[in-house]
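Participant: Contents are TSV, C-alpha atoms; file name my_file-v2.tsv:
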```tsv
chain	number	residue	atom	x	y	z
S	300	MET	CA	130.86	58.72	-69.81
S	301	ASN	CA	129.95	58.28	-66.16
S	302	GLN	CA	126.75	56.42	-65.32
S	303	ARG	CA	124.39	56.69	-62.38
S	304	THR	CA	121.10	54.81	-61.89
S	305	LEU	CA	118.14	56.42	-60.17
S	306	ILE	CA	114.89	54.65	-59.19
S	307	LEU	CA	111.72	56.75	-58.99
S	308	ASP	CA	108.52	55.74	-57.24
S	309	VAL	CA	105.28	56.16	-59.19
S	310	PRO	CA	101.63	56.66	-58.22
S	311	PRO	CA	99.27	53.65	-58.50
S	312	ASP	CA	97.45	55.10	-61.51
S	313	PHE	CA	100.64	55.64	-63.55
S	314	SER	CA	101.51	53.91	-66.82
S	315	PHE	CA	105.00	54.65	-68.13
S	316	TRP	CA	104.43	53.60	-71.72
S	317	ARG	CA	101.01	55.25	-71.99
S	318	THR	CA	102.53	58.50	-70.75
S	319	VAL	CA	105.49	58.29	-73.12
S	320	LEU	CA	103.29	57.69	-76.17
S	321	SER	CA	100.51	60.06	-75.09
S	322	HIS	CA	101.30	62.48	-77.92
S	323	GLY	CA	104.05	63.45	-80.33
S	324	TRP	CA	106.53	65.05	-77.93
S	325	CYS	CA	108.31	61.70	-77.51
S	326	THR	CA	109.49	61.95	-81.14
S	327	LEU	CA	110.82	65.51	-80.91
S	328	GLN	CA	114.45	66.07	-79.94
S	329	PRO	CA	116.00	66.08	-77.46
S	330	PHE	CA	113.66	63.16	-76.71
S	331	PHE	CA	114.62	59.89	-78.42
S	332	LEU	CA	112.10	57.05	-78.50
S	333	ASP	CA	113.07	53.37	-78.58
S	334	ARG	CA	109.82	51.53	-79.26
S	335	PRO	CA	111.22	47.95	-79.36
S	336	GLY	CA	113.13	48.52	-76.12
S	337	ARG	CA	110.27	50.47	-74.52
S	338	ARG	CA	112.55	53.21	-73.34
S	339	LEU	CA	112.66	56.96	-73.66
S	340	GLN	CA	115.89	58.93	-73.76
S	341	ARG	CA	116.17	62.60	-73.01
S	342	VAL	CA	119.10	65.01	-73.06
S	343	LEU	CA	118.95	67.19	-69.94
S	344	GLN	CA	120.78	70.28	-68.79
S	345	LEU	CA	121.51	69.48	-65.15
S	346	ALA	CA	122.84	71.86	-62.51
S	347	SER	CA	126.46	71.64	-63.67
S	348	GLN	CA	126.50	69.69	-66.94
S	349	PRO	CA	124.44	68.18	-69.75
S	350	ALA	CA	123.50	64.51	-69.45
S	351	LEU	CA	121.54	61.78	-71.22
S	352	ALA	CA	118.75	60.21	-69.14
S	353	GLU	CA	117.43	56.83	-70.25
S	354	MET	CA	114.02	56.02	-68.76
S	355	ARG	CA	112.30	52.65	-68.67
S	356	GLU	CA	109.79	50.82	-66.52
S	357	GLN	CA	110.90	48.17	-64.04
S	358	LYS	CA	108.91	45.00	-63.34
S	359	ASP	CA	107.62	46.56	-60.13
S	360	GLY	CA	106.25	49.54	-62.09
S	361	ARG	CA	108.80	52.04	-60.84
S	362	VAL	CA	110.81	54.11	-63.32
S	363	ARG	CA	114.48	53.29	-63.72
S	364	VAL	CA	116.59	56.20	-64.93
S	365	ARG	CA	120.16	55.67	-66.12
S	366	VAL	CA	121.98	58.99	-66.34
S	367	CYS	CA	125.11	59.24	-68.49
S	368	SER	CA	127.21	62.37	-67.98
S	369	PRO	CA	130.74	63.62	-68.70
S	370	SER	CA	131.50	63.96	-64.97
S	371	PRO	CA	130.12	62.05	-61.97
S	372	LEU	CA	126.82	63.43	-60.74
S	373	ASP	CA	126.97	65.49	-57.58
S	374	GLY	CA	123.98	65.99	-55.29
S	375	ARG	CA	122.64	68.96	-57.24
S	376	ASP	CA	122.84	67.08	-60.53
S	377	ARG	CA	121.07	64.04	-59.06
S	378	GLU	CA	118.24	66.19	-57.74
S	379	ALA	CA	117.98	68.04	-61.05
S	380	ALA	CA	117.72	64.75	-62.97
S	381	LYS	CA	115.05	63.42	-60.60
S	382	ALA	CA	113.07	66.66	-60.78
S	383	ALA	CA	113.20	66.70	-64.58
S	384	VAL	CA	111.96	63.12	-64.95
S	385	ASP	CA	109.33	63.68	-62.26
S	386	HIS	CA	108.07	66.74	-64.16
S	387	MET	CA	108.14	65.16	-67.64
S	388	LEU	CA	106.26	62.03	-66.56
S	389	ARG	CA	104.03	63.96	-64.11
S	390	LEU	CA	104.71	61.58	-61.27
S	391	ARG	CA	103.37	63.95	-58.60
S	392	GLU	CA	99.96	64.22	-60.24
S	393	SER	CA	97.03	61.98	-59.38
S	394	LEU	CA	94.44	60.91	-61.92
S	395	ALA	CA	92.01	59.79	-59.22
S	396	GLU	CA	89.65	62.76	-59.55
S	397	PHE	CA	89.69	62.54	-63.34
S	398	HIS	CA	88.92	58.82	-63.29
S	399	ARG	CA	86.10	59.33	-60.76
S	400	GLU	CA	84.50	62.12	-62.77
S	401	LEU	CA	84.90	60.15	-65.97
S	402	ALA	CA	83.07	57.17	-64.47
S	403	ARG	CA	80.30	59.39	-63.13
S	404	ARG	CA	79.67	61.17	-66.43
S	405	ASP	CA	80.30	58.22	-68.76
S	406	ARG	CA	76.72	56.98	-69.02
S	407	ARG	CA	77.40	54.09	-71.40
S	408	GLY	CA	80.74	52.93	-70.09
S	409	GLN	CA	82.45	54.07	-73.29
S	410	PHE	CA	85.51	55.22	-71.38
S	411	ALA	CA	85.79	52.44	-68.81
S	412	TRP	CA	89.06	51.49	-70.49
S	413	VAL	CA	90.75	54.76	-69.41
S	414	PRO	CA	91.30	54.00	-65.70
S	415	ARG	CA	91.91	50.35	-66.52
S	416	ALA	CA	94.75	51.38	-68.84
S	417	LYS	CA	95.93	54.07	-66.36
S	418	SER	CA	95.63	56.64	-69.13
S	419	GLY	CA	95.45	60.39	-68.80
S	420	ARG	CA	98.96	61.73	-68.28
S	421	LEU	CA	100.44	63.73	-71.15
S	422	LEU	CA	104.21	63.81	-71.56
S	423	ARG	CA	105.76	67.27	-71.30
S	424	ALA	CA	109.16	68.88	-71.56
S	425	PRO	CA	111.26	69.72	-68.50
S	426	SER	CA	110.36	73.40	-68.99
S	427	PHE	CA	107.21	75.13	-70.13
S	428	PHE	CA	109.38	77.34	-72.33
S	429	GLU	CA	110.31	74.29	-74.37
S	430	ASP	CA	106.67	73.21	-74.54
S	431	MET	CA	105.70	76.66	-75.85
S	432	VAL	CA	108.44	76.70	-78.49
S	433	LYS	CA	107.51	73.24	-79.72
S	434	MET	CA	103.81	74.05	-79.79
S	435	ILE	CA	104.45	77.13	-81.94
S	436	CYS	CA	106.38	74.83	-84.28
S	437	THR	CA	103.28	72.64	-84.75
S	438	THR	CA	101.12	75.45	-86.13
S	439	ASN	CA	100.15	75.57	-89.80
S	440	CYS	CA	102.52	72.82	-90.92
S	441	SER	CA	102.99	69.07	-91.19
S	442	TRP	CA	104.44	66.96	-88.38
S	443	LYS	CA	107.56	66.34	-90.46
S	444	ALA	CA	108.09	70.08	-90.69
S	445	THR	CA	107.70	70.35	-86.91
S	446	GLN	CA	110.31	67.63	-86.40
S	447	ARG	CA	112.68	69.34	-88.82
S	448	MET	CA	112.38	72.72	-87.09
S	449	VAL	CA	112.82	71.32	-83.59
S	450	THR	CA	115.76	69.12	-84.60
S	451	GLY	CA	117.45	72.12	-86.22
S	452	MET	CA	117.05	74.28	-83.11
S	453	VAL	CA	118.39	71.56	-80.84
S	454	GLN	CA	121.37	70.64	-83.02
S	455	LYS	CA	122.38	74.19	-84.02
S	456	LEU	CA	121.58	76.19	-80.88
S	457	GLY	CA	121.58	73.81	-77.90
S	458	THR	CA	124.49	72.93	-75.62
S	459	ARG	CA	126.21	69.85	-76.98
S	460	LEU	CA	126.68	66.70	-74.89
S	461	ASP	CA	128.59	64.80	-77.58
S	462	SER	CA	128.60	64.39	-81.34
S	463	ASP	CA	125.04	63.02	-81.35
S	464	TYR	CA	123.19	64.63	-78.46
S	465	CYS	CA	122.38	68.26	-77.64
S	466	CYS	CA	120.21	69.96	-75.05
S	467	PHE	CA	117.16	71.96	-76.00
S	468	PRO	CA	118.30	75.59	-76.38
S	469	SER	CA	117.86	77.80	-73.35
S	470	PRO	CA	115.84	81.03	-73.66
S	471	GLU	CA	119.14	82.93	-73.81
S	472	GLN	CA	120.50	80.73	-76.60
S	473	LEU	CA	117.35	81.04	-78.70
S	474	ALA	CA	117.09	84.78	-78.01
S	475	GLY	CA	120.64	85.14	-79.35
S	476	ALA	CA	119.62	83.85	-82.78
S	477	THR	CA	118.39	86.11	-85.54
S	478	ASP	CA	115.14	85.88	-87.44
S	479	GLN	CA	117.18	85.41	-90.62
S	480	PHE	CA	119.09	82.48	-89.08
S	481	LEU	CA	115.89	80.79	-87.91
S	482	ARG	CA	114.31	81.22	-91.32
S	483	ARG	CA	117.35	80.11	-93.34
S	484	GLU	CA	119.00	77.47	-91.14
S	485	ILE	CA	116.04	76.12	-89.15
S	486	GLY	CA	113.20	76.63	-91.62
S	487	CYS	CA	110.94	78.35	-89.09
S	488	GLY	CA	109.40	80.72	-91.61
S	489	TYR	CA	107.19	83.39	-90.06
S	490	ARG	CA	107.57	81.73	-86.64
S	491	GLY	CA	111.15	82.97	-86.25
S	492	GLY	CA	110.23	86.40	-84.93
S	493	TYR	CA	107.66	84.93	-82.56
S	494	LEU	CA	110.19	82.44	-81.16
S	495	ILE	CA	112.86	85.09	-80.60
S	496	GLU	CA	110.40	87.42	-78.86
S	497	LEU	CA	109.18	84.56	-76.66
S	498	ALA	CA	112.75	83.61	-75.76
S	499	GLU	CA	113.65	87.22	-74.96
S	500	ARG	CA	110.61	87.63	-72.71
S	501	VAL	CA	111.38	84.43	-70.80
S	502	ALA	CA	115.12	85.19	-70.57
S	503	THR	CA	114.47	88.64	-69.12
S	504	GLY	CA	111.73	87.50	-66.75
S	505	ARG	CA	109.00	89.48	-68.49
S	506	LEU	CA	107.20	86.17	-69.08
S	507	PRO	CA	107.64	83.92	-66.02
S	508	SER	CA	108.22	80.33	-67.08
S	509	GLY	CA	107.86	78.46	-63.80
S	510	ASP	CA	104.52	79.45	-62.27
S	511	TRP	CA	102.02	78.28	-64.89
S	512	ALA	CA	100.70	75.40	-62.78
S	513	ASP	CA	99.78	77.89	-60.04
S	514	LEU	CA	97.57	79.97	-62.34
S	515	THR	CA	93.87	79.39	-62.84
S	516	GLY	CA	92.91	78.06	-66.23
S	517	GLU	CA	91.45	81.43	-67.20
S	518	ALA	CA	94.57	83.35	-66.15
S	519	ALA	CA	96.90	80.91	-67.91
S	520	HIS	CA	94.78	81.03	-71.06
S	521	GLY	CA	94.85	84.82	-71.08
S	522	ARG	CA	98.62	84.92	-70.66
S	523	LEU	CA	99.11	82.41	-73.47
S	524	MET	CA	96.75	84.17	-75.85
S	525	ALA	CA	98.70	87.40	-75.27
S	526	THR	CA	101.87	85.65	-76.51
S	527	LYS	CA	102.60	86.19	-80.20
S	528	GLY	CA	102.48	82.98	-82.20
S	529	ILE	CA	100.03	81.27	-79.81
S	530	GLY	CA	96.37	81.12	-80.80
S	531	PRO	CA	93.39	79.13	-79.46
S	532	TYR	CA	94.67	75.76	-80.73
S	533	ALA	CA	98.16	76.15	-79.26
S	534	ALA	CA	96.90	77.73	-76.03
S	535	GLY	CA	94.42	74.92	-75.41
S	536	ASN	CA	97.02	72.23	-75.96
S	537	LEU	CA	99.57	73.99	-73.77
S	538	LEU	CA	97.01	74.29	-70.98
S	539	LYS	CA	96.72	70.49	-70.96
S	540	LEU	CA	100.40	70.32	-70.06
S	541	VAL	CA	99.81	72.33	-66.88
S	542	GLY	CA	96.66	70.51	-65.83
S	543	HIS	CA	93.82	72.51	-67.40
S	544	TYR	CA	91.74	70.37	-69.77
S	545	ASP	CA	88.60	72.35	-70.60
S	546	HIS	CA	89.70	73.43	-74.12
S	547	LEU	CA	89.16	71.02	-77.03
S	548	SER	CA	91.78	72.66	-79.30
S	549	LEU	CA	90.08	71.62	-82.53
S	550	ASP	CA	92.34	71.64	-85.58
S	551	SER	CA	92.73	70.15	-89.04
S	552	TRP	CA	93.68	66.75	-87.57
S	553	ILE	CA	91.08	66.57	-84.80
S	554	ARG	CA	88.05	67.38	-86.92
S	555	PRO	CA	88.42	64.64	-89.57
S	556	ARG	CA	89.72	62.27	-86.91
S	557	PHE	CA	86.48	62.69	-84.94
S	558	ALA	CA	84.48	61.97	-88.09
S	559	ALA	CA	86.52	58.82	-88.79
S	560	VAL	CA	86.25	57.48	-85.22
S	561	TYR	CA	82.48	57.91	-85.18
S	562	GLY	CA	81.85	56.74	-88.75
S	563	LEU	CA	80.53	60.04	-90.06
S	564	ASN	CA	80.30	60.74	-93.78
S	565	LYS	CA	81.49	64.32	-93.38
S	566	VAL	CA	83.32	66.40	-90.84
S	567	PRO	CA	80.83	67.82	-88.34
S	568	LYS	CA	80.62	71.42	-87.23
S	569	ASP	CA	82.76	72.41	-84.27
S	570	SER	CA	79.61	73.00	-82.24
S	571	ALA	CA	78.66	69.33	-82.66
S	572	ILE	CA	82.05	68.17	-81.39
S	573	HIS	CA	81.76	70.52	-78.42
S	574	ARG	CA	78.30	69.13	-77.60
S	575	HIS	CA	79.63	65.58	-77.74
S	576	TYR	CA	82.22	66.17	-75.00
S	577	ARG	CA	80.48	68.93	-73.01
S	578	ARG	CA	79.22	66.56	-70.31
S	579	PHE	CA	82.80	65.95	-69.18
S	580	GLY	CA	83.12	69.53	-68.00
S	581	ARG	CA	86.62	70.67	-67.13
S	582	TRP	CA	88.03	67.35	-68.33
S	583	GLN	CA	86.50	67.48	-71.82
S	584	GLY	CA	89.74	68.32	-73.65
S	585	LEU	CA	91.53	65.34	-72.13
S	586	VAL	CA	88.59	63.03	-72.82
S	587	LEU	CA	88.54	64.11	-76.46
S	588	TRP	CA	92.27	63.43	-76.83
S	589	LEU	CA	92.08	59.99	-75.23
S	590	ASP	CA	89.00	59.13	-77.27
S	591	LEU	CA	90.59	60.02	-80.62
S	592	THR	CA	93.95	58.40	-79.91
S	593	ARG	CA	92.70	55.17	-78.37
S	594	ASP	CA	93.68	53.09	-81.38
S	595	TRP	CA	97.29	54.20	-80.99
S	596	PHE	CA	97.34	51.40	-78.42
S	597	GLU	CA	96.21	47.83	-78.36
S	598	GLU	CA	93.99	47.11	-75.38
S	599	GLY	CA	96.24	47.14	-72.34
S	600	ASP	CA	99.43	47.27	-74.38
S	601	PRO	CA	100.62	50.30	-76.36
```
Let me see the structure of the file written as structure tokens.

Facilitator:
Amino acid sequence: MNQRTLILDVPPDFSFWRTVLSHGWCTLQPFFLDRPGRRLQRVLQLASQPALAEMREQKDGRVRVRVCSPSPLDGRDREAAKAAVDHMLRLRESLAEFHRELARRDRRGQFAWVPRAKSGRLLRAPSFFEDMVKMICTTNCSWKATQRMVTGMVQKLGTRLDSDYCCFPSPEQLAGATDQFLRREIGCGYRGGYLIELAERVATGRLPSGDWADLTGEAAHGRLMATKGIGPYAAGNLLKLVGHYDHLSLDSWIRPRFAAVYGLNKVPKDSAIHRHYRRFGRWQGLVLWLDLTRDWFEEGDP
């Protein structure tokens, strides 16, 4: 394998480890998480070849990316690797407005820890297509089932880098599978037909996959809700990955989690949870997520 090291600058409000562990994507292939080593690996399809990118934080806060590939990286491959890491870690986004609004609306200082910990970025896949596929695989099942489905798709449909690592399947590769294959070999159940239709729409350009960040929250929500297999929970969570945070996306984990965090004897009505976060306006979905996952991290150190 050939190796090439890239160094990426980061904004002042960026935390590598907080972003990596922001939610469960870091444990879904083709991501590979090394907690003791504080590094995140990701198999990428570059311009001309697949490659394994190993990301970690340097002492100066910048992100060091070691790219291992079958052939030396040319200019297009280098730019593709940089763009992918930039997109996944959201290095071009600023949290300044979010942190200002949070401070203004946080009457009791309950969320003063958020800017101090440089929290707020949510890890995402290199493509929104992958994010959509993975989100559909989280619906109506356990996390272990989600991991099993995603691993199966990667290992059985994706382009192989070597005996261990494969890329996430392209829309064309997933569209080429059959519903029977996805049900039998991947364990996707009823989701198989939804995933194939999504892949076909993206592959043929009927569902654009690269302009989601340019849409208003309302337009993006409408487009997602018109996609089979994506309901309010999945749509709200996907919107967070393109910068729209006004949906709480309440589900069977969030509701009891809220009750546990606030010491309630029973799970409250959804309307009560909405009232609790309403003052945070268009940021309420992000505030809820940070609030309910705070204990995933020790203060200042994930």

Participant: For each of S:Val319, S:Ala379, S:Asp430, S:Leu327, take the minimum atom-to-atom distance to Met354 of chain S, counting all atoms listed in the file, then give the residue where this is smallest.

Facilitator: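 With all atoms listed in the file as the atom set, the closest residue is S:Val319.
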
Participant: Give the answer as one residue: which of S:Asn536, S:Thr318, S:Ser418, S:Gln302 has the shortest atom-to-atom distance to Ser368 of chain S, using all atoms listed in the file?

Facilitator: S:Gln302

Participant: Please list as a ChimeraX atom specification every residue within 9 Å of Val586 of chain S, counting all atoms listed in the file and excluding residues in the same chain fewer than 4 positions away.

Facilitator: /S:401,410,419,544,576,579,582,590-591

Participant: For a test of reading the model, state the distance in Å between atom CA of Pro329 of chain S and atom CA of Cys367 of chain S, rounded to one decimal.

Facilitator: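 Separation between atom CA of Pro329 of chain S and atom CA of Cys367 of chain S: 14.5 Å.
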
Participant: Can you work out which one of S:Lys568, S:Arg365, S:His546, S:His322 has the shortest atom-to-atom distance to Gln340 of chain S, counting all atoms listed in the file?

Facilitator: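 Among the listed residues, the smallest separation from Gln340 of chain S belongs to S:Arg365.
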
Participant: Give, as JSON, the centre coordinates and the x, y and z edge lengths in Å to one decimal for an axis-aligned box around all listed atoms of segment 316-331 of chain S, padded by 8 Å on each side.

Facilitator:
```
{"center_x": 108.3, "center_y": 59.8, "center_z": -75.9, "size_x": 31.5, "size_y": 28.5, "size_z": 26.4}
```

Participant: In terms of the shortest atom-to-atom distance over all atoms listed in the file, which of S:Met448, S:Cys440, S:Ala411, S:Leu460 is closest to Arg483 of chain S?

Facilitator: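 Smallest separation from Arg483 of chain S among the options: S:Met448.
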
Participant: Skip Asp461 of chain S itself and residues of its chain fewer than 6 positions away, then list as a VMD selection string all residues within 12 Å of it, counting all atoms listed in the file.

Facilitator: chain S and resid 300 342 348 to 351 367 to 369 454

Participant: Arg355 of chain S: which residues within 7 Å, counting only C-alpha atoms, same-chain residues fewer than 4 positions away excluded, as a VMD selection string?

Facilitator: chain S and resid 337 to 339 362 to 364

Participant: Up to 9 Å from (86.7, 64.0, -87.2) in the file's coordinates: name the residues, counting all atoms listed in the file, as a ChimeraX atom specification.

Facilitator: /S:551-563,565-567,572,591

Participant: Write out, as an mmCIF file, in the frame of the given file, the residues just selected, with C-alpha atoms.

Facilitator:
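Wrote out.cif, looks like this:
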```cif
data_model
loop_
_atom_site.group_PDB
_atom_site.id
_atom_site.type_symbol
_atom_site.label_atom_id
_atom_site.label_comp_id
_atom_site.auth_asym_id
_atom_site.auth_seq_id
_atom_site.Cartn_x
_atom_site.Cartn_y
_atom_site.Cartn_z
ATOM 1 C CA SER S 551 92.730 70.150 -89.040
ATOM 2 C CA TRP S 552 93.680 66.750 -87.570
ATOM 3 C CA ILE S 553 91.080 66.570 -84.800
ATOM 4 C CA ARG S 554 88.050 67.380 -86.920
ATOM 5 C CA PRO S 555 88.420 64.640 -89.570
ATOM 6 C CA ARG S 556 89.720 62.270 -86.910
ATOM 7 C CA PHE S 557 86.480 62.690 -84.940
ATOM 8 C CA ALA S 558 84.480 61.970 -88.090
ATOM 9 C CA ALA S 559 86.520 58.820 -88.790
ATOM 10 C CA VAL S 560 86.250 57.480 -85.220
ATOM 11 C CA TYR S 561 82.480 57.910 -85.180
ATOM 12 C CA GLY S 562 81.850 56.740 -88.750
ATOM 13 C CA LEU S 563 80.530 60.040 -90.060
ATOM 14 C CA LYS S 565 81.490 64.320 -93.380
ATOM 15 C CA VAL S 566 83.320 66.400 -90.840
ATOM 16 C CA PRO S 567 80.830 67.820 -88.340
ATOM 17 C CA ILE S 572 82.050 68.170 -81.390
ATOM 18 C CA LEU S 591 90.590 60.020 -80.620
#
```

Participant: For a quick check of understanding, using only C-alpha atoms, which of S:Val449, S:Phe428, S:Ala518, S:Gly535 has the smallest distance to Gly504 of chain S?

Facilitator: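 Going through S:Val449, S:Phe428, S:Ala518, S:Gly535 one by one, the smallest distance to Gly504 of chain S is for S:Phe428.
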
Participant: Give as a PyMOL selection string each residue that has an atom at most 10 Å from (114.7, 76.5, -83.9) in the file, counting all atoms listed in the file.

Facilitator: chain S and resi 432-433+436+445+447-457+467-468+473+476+480-482+484-487+490-491+494-495

Participant: Which residue gives the smallest distance to Asp550 of chain S among S:Pro414, S:Thr437, S:Glu499, S:Arg377, with only C-alpha atoms counted?

Facilitator: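 Once distances to Asp550 of chain S are computed over only C-alpha atoms, the minimum belongs to S:Thr437.
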
Participant: For a test of reading the model, state the distance in Å between atom CA of Pro425 of chain S and atom CA of Arg505 of chain S, rounded to one decimal.

Facilitator: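 That distance, rounded to one decimal, is 19.9 Å.
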
Participant: Can you work out the spacing between atom CA of Gly530 of chain S and atom CA of Glu429 of chain S in Å, to one decimal?

Facilitator: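 Atom CA of Glu429 of chain S lies at a distance of 16.8 Å from atom CA of Gly530 of chain S.
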